[in-house]
Amino acid sequence: MPLYEHVFLARQDLSQAQVDALAATATEIVEAHQGKVTKTETWGLKNLAYKIKRNRKAHFVLLNIEAPAGTVAELERQTAINEDVIRWLTVRVDELEAGPSVQMRKQDRERTKRREREEF
């Protein structure tokens with residue numbers, strides 16, 4: 001079955017619970033159409049390089065998906081309808097990352113650097 005990475009950006013004024021609900025809704029859509037979400041990562045609220053629909057920040061969420069192409073088309077259709085999602089991108093990949101994504105590893109490195117500075 002084809003493998004996909006689906007990243008969406010949610011509005012900055014949503015709470016973390018609402019963002020988690022958006023991710024759960026996307027998971028339900030995939031599973032209802034014979035697909036499977038293997039990993040969900042919430043990257044948090046981040047600054048955008050430029051304004052998107054009057055938002056300077058957005059909540060970033062990554063979903064790793066195993067699903068047929070029709071399932072991804074339905075997920076993108078439902079995502080486009082949702083007003084809380086300001087951007088999304090789905091990319092077909094040859095294989096999914098087993099561990100944390102690059103974005104999550106970056107956050108871990110920043111935390112260890114801060115701890116090292118605080119020790120001095």
# chains A, B, ... in the order shown; residues from 1 in each chain; ligands from 1
$ select_by_dssp --residues "chain A" --states "helix (DSSP H, G or I)" --output "MDAnalysis selection string"
chainID A and resid 16:32 69:81 102:119
$ residues_around --residues "A:Val61" --least-positions-apart "4" --cutoff "6 Å" --atoms "only C-alpha atoms" --output "ChimeraX atom specification"
/A:7-8,41-43
$ write_last_selection --atoms "all heavy atoms" --output "tab-separated table (two decimals), in the first residue's frame"
chain	number	residue	atom	x	y	z
A	7	VAL	N	1.01	16.78	6.33
A	7	VAL	CA	1.24	17.84	7.32
A	7	VAL	C	0.17	18.89	7.11
A	7	VAL	O	-0.09	19.32	5.98
A	7	VAL	CB	2.63	18.48	7.15
A	7	VAL	CG1	2.84	19.59	8.16
A	7	VAL	CG2	3.72	17.43	7.30
A	8	PHE	N	-0.46	19.31	8.21
A	8	PHE	CA	-1.41	20.42	8.10
A	8	PHE	C	-1.12	21.46	9.15
A	8	PHE	O	-0.55	21.18	10.20
A	8	PHE	CB	-2.86	19.94	8.14
A	8	PHE	CG	-3.32	19.36	9.45
A	8	PHE	CD1	-3.82	20.18	10.45
A	8	PHE	CD2	-3.30	18.00	9.67
A	8	PHE	CE1	-4.26	19.66	11.64
A	8	PHE	CE2	-3.74	17.46	10.85
A	8	PHE	CZ	-4.23	18.29	11.85
A	41	GLU	N	2.28	13.25	14.99
A	41	GLU	CA	3.15	14.14	15.76
A	41	GLU	C	2.59	15.55	15.74
A	41	GLU	O	2.23	16.06	14.68
A	41	GLU	CB	4.57	14.19	15.18
A	41	GLU	CG	5.39	12.98	15.43
A	41	GLU	CD	6.80	13.13	14.92
A	41	GLU	OE1	7.15	14.18	14.35
A	41	GLU	OE2	7.56	12.18	15.09
A	42	THR	N	2.53	16.16	16.91
A	42	THR	CA	2.14	17.56	17.01
A	42	THR	C	3.41	18.35	17.26
A	42	THR	O	4.07	18.15	18.28
A	42	THR	CB	1.13	17.76	18.15
A	42	THR	OG1	0.01	16.91	17.92
A	42	THR	CG2	0.67	19.20	18.20
A	43	TRP	N	3.76	19.22	16.35
A	43	TRP	CA	5.00	19.99	16.44
A	43	TRP	C	4.82	21.27	17.24
A	43	TRP	O	5.79	21.95	17.54
A	43	TRP	CB	5.54	20.30	15.06
A	43	TRP	CG	5.97	19.10	14.29
A	43	TRP	CD1	6.27	17.86	14.79
A	43	TRP	CD2	6.17	19.00	12.89
A	43	TRP	NE1	6.64	17.02	13.78
A	43	TRP	CE2	6.59	17.69	12.60
A	43	TRP	CE3	6.05	19.91	11.85
A	43	TRP	CZ2	6.87	17.26	11.31
A	43	TRP	CZ3	6.33	19.48	10.57
A	43	TRP	CH2	6.74	18.17	10.30
$ closest_residue --among "A:Leu9, A:Val91, A:Ile65, A:Ala98" --to "A:Gln34" --atoms "only C-alpha atoms"
A:Ile65
$ select_by_dssp --residues "chain A" --states "strand (DSSP E or B)" --output "ChimeraX atom specification"
/A:3-11,36-52,55-66,85-93
$ closest_residue --among "A:Phe60, A:Val93, A:Lys106, A:Ala24" --to "A:Val37" --atoms "only C-alpha atoms"
A:Ala24
$ residues_around --residues "A:Thr90" --least-positions-apart "6" --cutoff "10 Å" --atoms "only C-alpha atoms" --output "MDAnalysis selection string"
chainID A and resid 4:8 62:65 72:73 75:76
$ write_last_selection --atoms "all heavy atoms" --output "compact mmCIF listing (two decimals), in the first residue's frame"
# COMPACT_ATOMS: atom_id res chain seq x y z
N TYR A 4 2.31 7.81 2.77
CA TYR A 4 2.21 9.26 2.63
C TYR A 4 2.58 9.94 3.95
O TYR A 4 2.39 9.39 5.02
CB TYR A 4 0.78 9.69 2.28
CG TYR A 4 0.28 9.15 0.97
CD1 TYR A 4 -0.42 7.95 0.92
CD2 TYR A 4 0.50 9.84 -0.21
CE1 TYR A 4 -0.88 7.46 -0.29
CE2 TYR A 4 0.04 9.36 -1.42
CZ TYR A 4 -0.65 8.16 -1.45
OH TYR A 4 -1.11 7.67 -2.64
N GLU A 5 3.10 11.17 3.83
CA GLU A 5 3.25 12.07 4.96
C GLU A 5 2.30 13.23 4.71
O GLU A 5 2.36 13.87 3.66
CB GLU A 5 4.69 12.58 5.08
CG GLU A 5 5.67 11.54 5.54
CD GLU A 5 7.07 12.09 5.72
OE1 GLU A 5 7.32 13.26 5.34
OE2 GLU A 5 7.91 11.34 6.25
N HIS A 6 1.44 13.49 5.67
CA HIS A 6 0.44 14.55 5.55
C HIS A 6 0.69 15.55 6.68
O HIS A 6 0.64 15.18 7.86
CB HIS A 6 -0.97 13.95 5.66
CG HIS A 6 -2.08 14.95 5.61
ND1 HIS A 6 -2.47 15.57 4.44
CD2 HIS A 6 -2.87 15.45 6.57
CE1 HIS A 6 -3.47 16.39 4.70
NE2 HIS A 6 -3.73 16.34 5.99
N VAL A 7 1.01 16.78 6.33
CA VAL A 7 1.24 17.84 7.32
C VAL A 7 0.17 18.89 7.11
O VAL A 7 -0.09 19.32 5.98
CB VAL A 7 2.63 18.48 7.15
CG1 VAL A 7 2.84 19.59 8.16
CG2 VAL A 7 3.72 17.43 7.30
N PHE A 8 -0.46 19.31 8.21
CA PHE A 8 -1.41 20.42 8.10
C PHE A 8 -1.12 21.46 9.15
O PHE A 8 -0.55 21.18 10.20
CB PHE A 8 -2.86 19.94 8.14
CG PHE A 8 -3.32 19.36 9.45
CD1 PHE A 8 -3.82 20.18 10.45
CD2 PHE A 8 -3.30 18.00 9.67
CE1 PHE A 8 -4.26 19.66 11.64
CE2 PHE A 8 -3.74 17.46 10.85
CZ PHE A 8 -4.23 18.29 11.85
N LEU A 62 1.81 16.42 11.95
CA LEU A 62 2.26 15.46 10.95
C LEU A 62 1.53 14.14 11.15
O LEU A 62 1.44 13.65 12.28
CB LEU A 62 3.77 15.22 11.08
CG LEU A 62 4.33 14.02 10.32
CD1 LEU A 62 4.41 14.32 8.83
CD2 LEU A 62 5.70 13.63 10.85
N LEU A 63 1.04 13.56 10.05
CA LEU A 63 0.44 12.22 10.07
C LEU A 63 1.18 11.35 9.06
O LEU A 63 1.35 11.75 7.90
CB LEU A 63 -1.04 12.27 9.67
CG LEU A 63 -1.97 13.14 10.50
CD1 LEU A 63 -3.33 13.21 9.84
CD2 LEU A 63 -2.10 12.59 11.90
N ASN A 64 1.64 10.18 9.49
CA ASN A 64 2.19 9.18 8.56
C ASN A 64 1.06 8.22 8.22
O ASN A 64 0.44 7.64 9.12
CB ASN A 64 3.36 8.43 9.19
CG ASN A 64 4.62 9.26 9.23
OD1 ASN A 64 4.70 10.31 8.60
ND2 ASN A 64 5.60 8.78 9.95
N ILE A 65 0.80 8.04 6.93
CA ILE A 65 -0.39 7.33 6.47
C ILE A 65 0.00 6.20 5.53
O ILE A 65 0.84 6.37 4.65
CB ILE A 65 -1.34 8.30 5.75
CG1 ILE A 65 -1.77 9.43 6.69
CG2 ILE A 65 -2.55 7.57 5.19
CD1 ILE A 65 -2.53 10.54 6.00
N VAL A 72 -6.47 9.30 0.36
CA VAL A 72 -5.75 10.57 0.49
C VAL A 72 -6.53 11.69 -0.18
O VAL A 72 -6.60 12.81 0.33
CB VAL A 72 -4.33 10.43 -0.07
CG1 VAL A 72 -3.62 11.76 -0.09
CG2 VAL A 72 -3.54 9.42 0.73
N ALA A 73 -7.15 11.40 -1.32
CA ALA A 73 -7.97 12.40 -2.00
C ALA A 73 -9.14 12.84 -1.12
O ALA A 73 -9.45 14.04 -1.03
CB ALA A 73 -8.47 11.86 -3.33
N LEU A 75 -9.22 12.65 2.21
CA LEU A 75 -8.64 13.39 3.33
C LEU A 75 -8.35 14.83 2.93
O LEU A 75 -8.68 15.76 3.66
CB LEU A 75 -7.36 12.71 3.81
CG LEU A 75 -6.57 13.44 4.90
CD1 LEU A 75 -7.40 13.56 6.17
CD2 LEU A 75 -5.26 12.73 5.17
N GLU A 76 -7.78 15.04 1.76
CA GLU A 76 -7.49 16.40 1.29
C GLU A 76 -8.78 17.18 1.03
O GLU A 76 -8.83 18.37 1.29
CB GLU A 76 -6.62 16.34 0.05
CG GLU A 76 -5.20 15.92 0.35
CD GLU A 76 -4.31 15.92 -0.87
OE1 GLU A 76 -4.84 15.89 -2.00
OE2 GLU A 76 -3.09 15.95 -0.68
$ closest_residue --among "A:Gln12, A:Gln78, A:Gln103, A:Thr38" --to "A:Thr25" --atoms "only C-alpha atoms"
A:Gln78
$ atom_distance --atom1 "atom CA of A:His59" --atom2 "atom CA of A:Val30"
20.6 Å
$ residues_around --residues "stretch 51-54 of chain A" --least-positions-apart "3" --cutoff "12 Å" --atoms "only C-alpha atoms" --output "JSON, numbers by chain"
{"A": [9, 10, 11, 12, 13, 47, 48, 57, 58, 83, 84, 85, 86, 87, 88]}
$ write_last_selection --atoms "N, CA and C atoms" --output "PDB file, in the first residue's frame"
ATOM      1  N   LEU A   9      -1.483  22.703   8.825  1.00  0.00           N
ATOM      2  CA  LEU A   9      -1.307  23.851   9.704  1.00  0.00           C
ATOM      3  C   LEU A   9      -2.683  24.313  10.148  1.00  0.00           C
ATOM      4  N   ALA A  10      -2.861  24.405  11.457  1.00  0.00           N
ATOM      5  CA  ALA A  10      -4.128  24.849  12.024  1.00  0.00           C
ATOM      6  C   ALA A  10      -3.976  26.282  12.530  1.00  0.00           C
ATOM      7  N   ARG A  11      -5.090  27.002  12.584  1.00  0.00           N
ATOM      8  CA  ARG A  11      -5.082  28.403  13.015  1.00  0.00           C
ATOM      9  C   ARG A  11      -4.437  28.571  14.375  1.00  0.00           C
ATOM     10  N   GLN A  12      -3.862  29.754  14.588  1.00  0.00           N
ATOM     11  CA  GLN A  12      -3.134  30.037  15.827  1.00  0.00           C
ATOM     12  C   GLN A  12      -4.037  30.187  17.040  1.00  0.00           C
ATOM     13  N   ASP A  13      -5.291  30.549  16.854  1.00  0.00           N
ATOM     14  CA  ASP A  13      -6.168  30.791  17.993  1.00  0.00           C
ATOM     15  C   ASP A  13      -6.857  29.532  18.517  1.00  0.00           C
ATOM     16  N   ASN A  47       6.083  30.044  14.448  1.00  0.00           N
ATOM     17  CA  ASN A  47       5.971  31.241  13.619  1.00  0.00           C
ATOM     18  C   ASN A  47       5.996  30.839  12.144  1.00  0.00           C
ATOM     19  N   LEU A  48       5.240  31.560  11.343  1.00  0.00           N
ATOM     20  CA  LEU A  48       5.234  31.352   9.898  1.00  0.00           C
ATOM     21  C   LEU A  48       6.175  32.360   9.237  1.00  0.00           C
ATOM     22  N   LYS A  57       1.162  32.790  13.112  1.00  0.00           N
ATOM     23  CA  LYS A  57       1.604  31.532  13.708  1.00  0.00           C
ATOM     24  C   LYS A  57       0.613  30.442  13.331  1.00  0.00           C
ATOM     25  N   ALA A  58       1.031  29.187  13.513  1.00  0.00           N
ATOM     26  CA  ALA A  58       0.137  28.069  13.232  1.00  0.00           C
ATOM     27  C   ALA A  58       0.578  26.851  14.036  1.00  0.00           C
ATOM     28  N   GLU A  83     -12.406  25.031   8.038  1.00  0.00           N
ATOM     29  CA  GLU A  83     -11.943  26.414   8.149  1.00  0.00           C
ATOM     30  C   GLU A  83     -10.802  26.579   9.150  1.00  0.00           C
ATOM     31  N   ASP A  84     -10.624  25.614  10.038  1.00  0.00           N
ATOM     32  CA  ASP A  84      -9.562  25.702  11.033  1.00  0.00           C
ATOM     33  C   ASP A  84      -8.192  25.355  10.450  1.00  0.00           C
ATOM     34  N   VAL A  85      -8.155  24.662   9.331  1.00  0.00           N
ATOM     35  CA  VAL A  85      -6.892  24.290   8.681  1.00  0.00           C
ATOM     36  C   VAL A  85      -6.572  25.354   7.635  1.00  0.00           C
ATOM     37  N   ILE A  86      -5.387  25.982   7.765  1.00  0.00           N
ATOM     38  CA  ILE A  86      -5.049  27.060   6.829  1.00  0.00           C
ATOM     39  C   ILE A  86      -4.168  26.581   5.674  1.00  0.00           C
ATOM     40  N   ARG A  87      -3.401  25.520   5.867  1.00  0.00           N
ATOM     41  CA  ARG A  87      -2.585  24.926   4.797  1.00  0.00           C
ATOM     42  C   ARG A  87      -2.389  23.449   5.077  1.00  0.00           C
ATOM     43  N   TRP A  88      -2.131  22.683   4.018  1.00  0.00           N
ATOM     44  CA  TRP A  88      -1.784  21.278   4.180  1.00  0.00           C
ATOM     45  C   TRP A  88      -0.932  20.849   3.003  1.00  0.00           C
TER      46      TRP A  88
END
$ atom_distance --atom1 "atom CA of A:Pro68" --atom2 "atom CA of A:Ala32"
11.9 Å
$ closest_residue --among "A:Leu14, A:Leu22, A:Ala49, A:Ile29" --to "A:Arg77" --atoms "only C-alpha atoms"
A:Ile29
$ atom_distance --atom1 "atom CA of A:Glu74" --atom2 "atom CA of A:Arg56"
28.1 Å
